[in-house]
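Below is one structure, written out as structure tokens; the observations come after it.
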Amino acid sequence: MATSRSEPVDDPAGTAAGRLAEVQRRIERALRSAGRAGEKVTLIAVSKTHDADAVGRLAALGQVDFGENYLQEATAKIRELADAKLTWHFIGRIQSNKCADIARLFDVVHSVDRAKVARKLGEAARALGRTIDVMVQVNVQAERGKSGVAPRELPALIEETAAIAGLRLRGLMAIPESAADFESQRRPFAELRRLLQELRQAGIALDSLSMGMSADLEAAITEGATHVRVGTALFGPRNYDHKN
Ligand SMILES: *Cc1c(COP(=O)(O)O)cnc(C)c1O
């Protein structure tokens with residue numbers, strides 16, 4: 001019988017439990033070494049390309065927060081798992097004509113990157129009679145072609161977003177380039193933290209930093225992450241062929 005290292009292919013529930021426990025251990029360890037023991041980090045299980053059964057397996061283990069990048073793919077999963085009372089985070093690029101659906105299906109939106117999107121999400125939330133938590137995505141390294149607002153345009157977008165009824169502005173999110181070593185991983189996370197502190201000093205109440213993924217969650221937690229978005233370490237490799 002072929003078993004791949006410690007992950008028996010015929011025991012998906014056991015595999016999910018082992019992966020979840022390992023990611024939770026990594027988070028706890030990182031909090032301790034950052035001097036943040038006892039603080040809470042929200043683990044968002046990024047389920048893109050993984051089906052509702054895979055999400056359900058983690059949910060059965062007590063995982064509550066899930067992240068999705070593509071509206072169409074997420075819609076079916078969210079419907080299928082409606083009884084599980086999960087918290088859904090939208091972390092993908094936002095097309096402004098999809099804001100109404102995003103506001104209806106998701107509890108938290110991490111990827112607000114322009115005023116038009118913030119306004120449309122707010123309008124939709126008000127029409128639905130709900131309030132949505134939002135984060136503004138920042139292109140911390142100011143890379144061309146990357147999504148996120150440029151740091152110099154951040155204060156204006158924050159000011160506008162904070163004033164929109166129906167939205168509760170919580171903080172900042174970033175997806176830095178992957179880097180191999182810890183110190184290089186830390187740099188953009190430190191920059192996002194600095195931007196958050198500047199905004200707080202300017203009197204804006206923000207409490208969330210959404211940063212860190214499978215490969216760099218320790219560096220993100222060291223720099224103050226309150227939300228980590230973890231896909232591969234929880235679900236295994238993504239299979240894009242099977243998306244939808
Ligand atoms: C896919 C994705 C993740 C998860 O990435 P992993 O490296 O698989 O942990 C986190 N955040 C965003 C925005 C993503 O698109």
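Residues in the structure tokens are numbered from 1 in each chain, the chains being A, B, ... in the order shown, and ligands are numbered from 1 in the order shown.
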Tell me, as a ChimeraX atom specification, which residues lie within 9 Å of range 43-56 of chain A, counting only C-alpha atoms; anything in the same chain fewer than 5 positions away does not count. /A:12-13,16,23-24,27,61,63-70,73-74,76-78,80-81,84,88-89,91,226-232,234-235,238-244
Would you mind listing, for every residue of range 144-208 of chain A within 12 Å of range 114-137 of chain A, the two atoms forming the shortest contact and the distance between them in Å to one decimal, using only C-alpha atoms, sorted by chain and ascending residue number, as CSV?
residue,atom,partner,partner_atom,distance
A:Lys146,CA,A:Gln137,CA,10.5
A:Ser147,CA,A:Gln137,CA,7.6
A:Gly148,CA,A:Gln137,CA,4.7
A:Val149,CA,A:Gln137,CA,6.3
A:Ala150,CA,A:Gln137,CA,9.1
A:Pro151,CA,A:Gln137,CA,9.9
A:Glu153,CA,A:Arg114,CA,9.5
A:Leu154,CA,A:Val136,CA,8.3
A:Pro155,CA,A:Val136,CA,10.5
A:Ala156,CA,A:Ala115,CA,9.0
A:Leu157,CA,A:Ala115,CA,6.1
A:Ile158,CA,A:Val136,CA,7.4
A:Glu159,CA,A:Ala115,CA,9.9
A:Glu160,CA,A:Ala115,CA,7.0
A:Thr161,CA,A:Ala118,CA,5.9
A:Ala162,CA,A:Ala118,CA,9.3
A:Ala163,CA,A:Arg119,CA,9.8
A:Ile164,CA,A:Gly122,CA,6.1
A:Ala165,CA,A:Gly122,CA,6.1
A:Gly166,CA,A:Thr131,CA,4.6
A:Leu167,CA,A:Ile132,CA,5.0
A:Arg168,CA,A:Asp133,CA,4.7
A:Leu169,CA,A:Val134,CA,5.0
A:Arg170,CA,A:Met135,CA,5.6
A:Gly171,CA,A:Met135,CA,4.8
A:Leu172,CA,A:Val136,CA,4.9
A:Met173,CA,A:Gln137,CA,4.5
A:Ala174,CA,A:Gln137,CA,5.5
A:Ile175,CA,A:Gln137,CA,8.2
A:Pro176,CA,A:Gln137,CA,10.8
A:Leu192,CA,A:Gln137,CA,9.8
A:Leu195,CA,A:Val136,CA,11.4
A:Leu196,CA,A:Val136,CA,10.5
A:Leu206,CA,A:Met135,CA,9.3
A:Asp207,CA,A:Met135,CA,10.0
A:Ser208,CA,A:Met135,CA,7.8
For ligand 1, the nearest of the candidates A:Glu191, A:Glu223, A:Glu28, A:Glu177, counting only C-alpha atoms and all ligand atoms: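 Of A:Glu191, A:Glu223, A:Glu28, A:Glu177, the one nearest ligand 1, counting only C-alpha atoms and all ligand atoms, is A:Glu177.
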Just the number, please: distance in Å from CA of Asn139 in chain A to CA of Gln72 in chain A, one decimal. 24.9 Å
Can you tell me, as a list of chain:residue names, which residues in range 130-182 of chain A count as helix (DSSP H, G or I) by DSSP? A:Pro151, A:Arg152, A:Glu153, A:Leu154, A:Pro155, A:Ala156, A:Leu157, A:Ile158, A:Glu159, A:Glu160, A:Thr161, A:Ala162, A:Phe182
Writing out the chosen residues with N, CA, C and O atoms as a PDB file, in the first residue's frame:
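Contents of result23.pdb, freshly written:
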ATOM      1  N   PRO A 151       0.872  52.627  -1.143  1.00  0.00           N
ATOM      2  CA  PRO A 151       0.955  53.216   0.200  1.00  0.00           C
ATOM      3  C   PRO A 151       0.642  54.716   0.231  1.00  0.00           C
ATOM      4  O   PRO A 151      -0.026  55.185   1.150  1.00  0.00           O
ATOM      5  N   ARG A 152       1.071  55.467  -0.790  1.00  0.00           N
ATOM      6  CA  ARG A 152       0.813  56.914  -0.718  1.00  0.00           C
ATOM      7  C   ARG A 152      -0.661  57.261  -0.929  1.00  0.00           C
ATOM      8  O   ARG A 152      -1.117  58.329  -0.558  1.00  0.00           O
ATOM      9  N   GLU A 153      -1.409  56.341  -1.527  1.00  0.00           N
ATOM     10  CA  GLU A 153      -2.849  56.590  -1.719  1.00  0.00           C
ATOM     11  C   GLU A 153      -3.691  55.979  -0.600  1.00  0.00           C
ATOM     12  O   GLU A 153      -4.920  56.103  -0.604  1.00  0.00           O
ATOM     13  N   LEU A 154      -3.019  55.328   0.346  1.00  0.00           N
ATOM     14  CA  LEU A 154      -3.740  54.625   1.406  1.00  0.00           C
ATOM     15  C   LEU A 154      -4.547  55.552   2.323  1.00  0.00           C
ATOM     16  O   LEU A 154      -5.727  55.286   2.566  1.00  0.00           O
ATOM     17  N   PRO A 155      -3.959  56.651   2.826  1.00  0.00           N
ATOM     18  CA  PRO A 155      -4.730  57.474   3.769  1.00  0.00           C
ATOM     19  C   PRO A 155      -6.061  57.958   3.195  1.00  0.00           C
ATOM     20  O   PRO A 155      -7.089  57.930   3.884  1.00  0.00           O
ATOM     21  N   ALA A 156      -6.081  58.365   1.937  1.00  0.00           N
ATOM     22  CA  ALA A 156      -7.328  58.850   1.332  1.00  0.00           C
ATOM     23  C   ALA A 156      -8.361  57.730   1.237  1.00  0.00           C
ATOM     24  O   ALA A 156      -9.548  57.927   1.530  1.00  0.00           O
ATOM     25  N   LEU A 157      -7.914  56.544   0.830  1.00  0.00           N
ATOM     26  CA  LEU A 157      -8.846  55.418   0.707  1.00  0.00           C
ATOM     27  C   LEU A 157      -9.376  55.010   2.087  1.00  0.00           C
ATOM     28  O   LEU A 157     -10.564  54.698   2.239  1.00  0.00           O
ATOM     29  N   ILE A 158      -8.511  55.039   3.070  1.00  0.00           N
ATOM     30  CA  ILE A 158      -8.928  54.695   4.441  1.00  0.00           C
ATOM     31  C   ILE A 158      -9.975  55.688   4.921  1.00  0.00           C
ATOM     32  O   ILE A 158     -11.008  55.314   5.484  1.00  0.00           O
ATOM     33  N   GLU A 159      -9.705  56.959   4.685  1.00  0.00           N
ATOM     34  CA  GLU A 159     -10.628  57.986   5.162  1.00  0.00           C
ATOM     35  C   GLU A 159     -12.007  57.805   4.522  1.00  0.00           C
ATOM     36  O   GLU A 159     -13.028  57.848   5.192  1.00  0.00           O
ATOM     37  N   GLU A 160     -12.014  57.553   3.227  1.00  0.00           N
ATOM     38  CA  GLU A 160     -13.284  57.378   2.538  1.00  0.00           C
ATOM     39  C   GLU A 160     -13.999  56.102   3.013  1.00  0.00           C
ATOM     40  O   GLU A 160     -15.198  56.113   3.289  1.00  0.00           O
ATOM     41  N   THR A 161     -13.252  55.020   3.130  1.00  0.00           N
ATOM     42  CA  THR A 161     -13.855  53.737   3.515  1.00  0.00           C
ATOM     43  C   THR A 161     -14.418  53.799   4.941  1.00  0.00           C
ATOM     44  O   THR A 161     -15.507  53.276   5.217  1.00  0.00           O
ATOM     45  N   ALA A 162     -13.685  54.443   5.826  1.00  0.00           N
ATOM     46  CA  ALA A 162     -14.106  54.518   7.235  1.00  0.00           C
ATOM     47  C   ALA A 162     -15.448  55.229   7.375  1.00  0.00           C
ATOM     48  O   ALA A 162     -16.186  54.996   8.335  1.00  0.00           O
ATOM     49  N   PHE A 182      13.647  34.317   6.601  1.00  0.00           N
ATOM     50  CA  PHE A 182      12.786  34.954   7.592  1.00  0.00           C
ATOM     51  C   PHE A 182      12.893  36.484   7.560  1.00  0.00           C
ATOM     52  O   PHE A 182      11.883  37.186   7.560  1.00  0.00           O
TER      53      PHE A 182
END
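What separates CA of Leu20 in chain A from CA of Arg79 in chain A is a distance of 23.6 Å.
With only C-alpha atoms and all ligand atoms as the basis for measurement, A:Gly212 is the residue among A:Gly14, A:Gly212, A:Pro188, A:Gly224 that approaches ligand 1 most closely.
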Residue nearest ligand 1 among A:Cys99, A:Met211, A:Val108, A:Val41 (counting only C-alpha atoms and all ligand atoms):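 Closest to ligand 1 of all the choices is A:Met211.
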If you run DSSP on the backbone, which residues of range 64-195 of chain A are strand (DSSP E or B), as a list in words?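 DSSP-assigned strand (DSSP E or B) residues in range 64-195 of chain A: Asp65, Phe66, Gly67, Glu68, Thr87, Trp88, His89, Phe90, Val108, Val109, His110, Ser111, Val112, Ile132, Asp133, Val134, Met135, Val136, Gln137, Val138, Val149, Leu167, Arg168, Leu169, Arg170, Gly171, Leu172 and Met173 of chain A.
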Next, write the just-selected residues to a file, as an mmCIF file, in the first residue's frame, keeping C-alpha atoms as the atom set.
data_model
loop_
_atom_site.group_PDB
_atom_site.id
_atom_site.type_symbol
_atom_site.label_atom_id
_atom_site.label_comp_id
_atom_site.auth_asym_id
_atom_site.auth_seq_id
_atom_site.Cartn_x
_atom_site.Cartn_y
_atom_site.Cartn_z
ATOM 1 C CA ASP A 65 -13.041 30.861 9.323
ATOM 2 C CA PHE A 66 -12.628 30.104 5.626
ATOM 3 C CA GLY A 67 -11.252 32.225 2.787
ATOM 4 C CA GLU A 68 -12.141 32.212 -0.890
ATOM 5 C CA THR A 87 -17.394 32.732 8.736
ATOM 6 C CA TRP A 88 -16.443 33.459 5.126
ATOM 7 C CA HIS A 89 -13.651 35.833 4.146
ATOM 8 C CA PHE A 90 -13.318 37.195 0.618
ATOM 9 C CA VAL A 108 -15.326 39.864 5.961
ATOM 10 C CA VAL A 109 -13.748 41.349 2.827
ATOM 11 C CA HIS A 110 -9.932 41.634 2.946
ATOM 12 C CA SER A 111 -9.273 42.953 -0.529
ATOM 13 C CA VAL A 112 -10.827 46.412 -0.789
ATOM 14 C CA ILE A 132 -19.521 43.852 6.708
ATOM 15 C CA ASP A 133 -16.027 43.907 8.168
ATOM 16 C CA VAL A 134 -13.507 45.152 5.641
ATOM 17 C CA MET A 135 -9.765 45.486 5.290
ATOM 18 C CA VAL A 136 -7.917 47.562 2.754
ATOM 19 C CA GLN A 137 -5.381 45.653 0.680
ATOM 20 C CA VAL A 138 -2.066 47.457 0.332
ATOM 21 C CA VAL A 149 -3.650 50.397 -3.071
ATOM 22 C CA LEU A 167 -18.894 48.774 6.409
ATOM 23 C CA ARG A 168 -16.833 48.320 9.548
ATOM 24 C CA LEU A 169 -13.255 49.134 8.619
ATOM 25 C CA ARG A 170 -10.964 46.828 10.592
ATOM 26 C CA GLY A 171 -7.465 47.047 9.166
ATOM 27 C CA LEU A 172 -4.993 46.282 6.416
ATOM 28 C CA MET A 173 -4.135 43.265 4.316
#
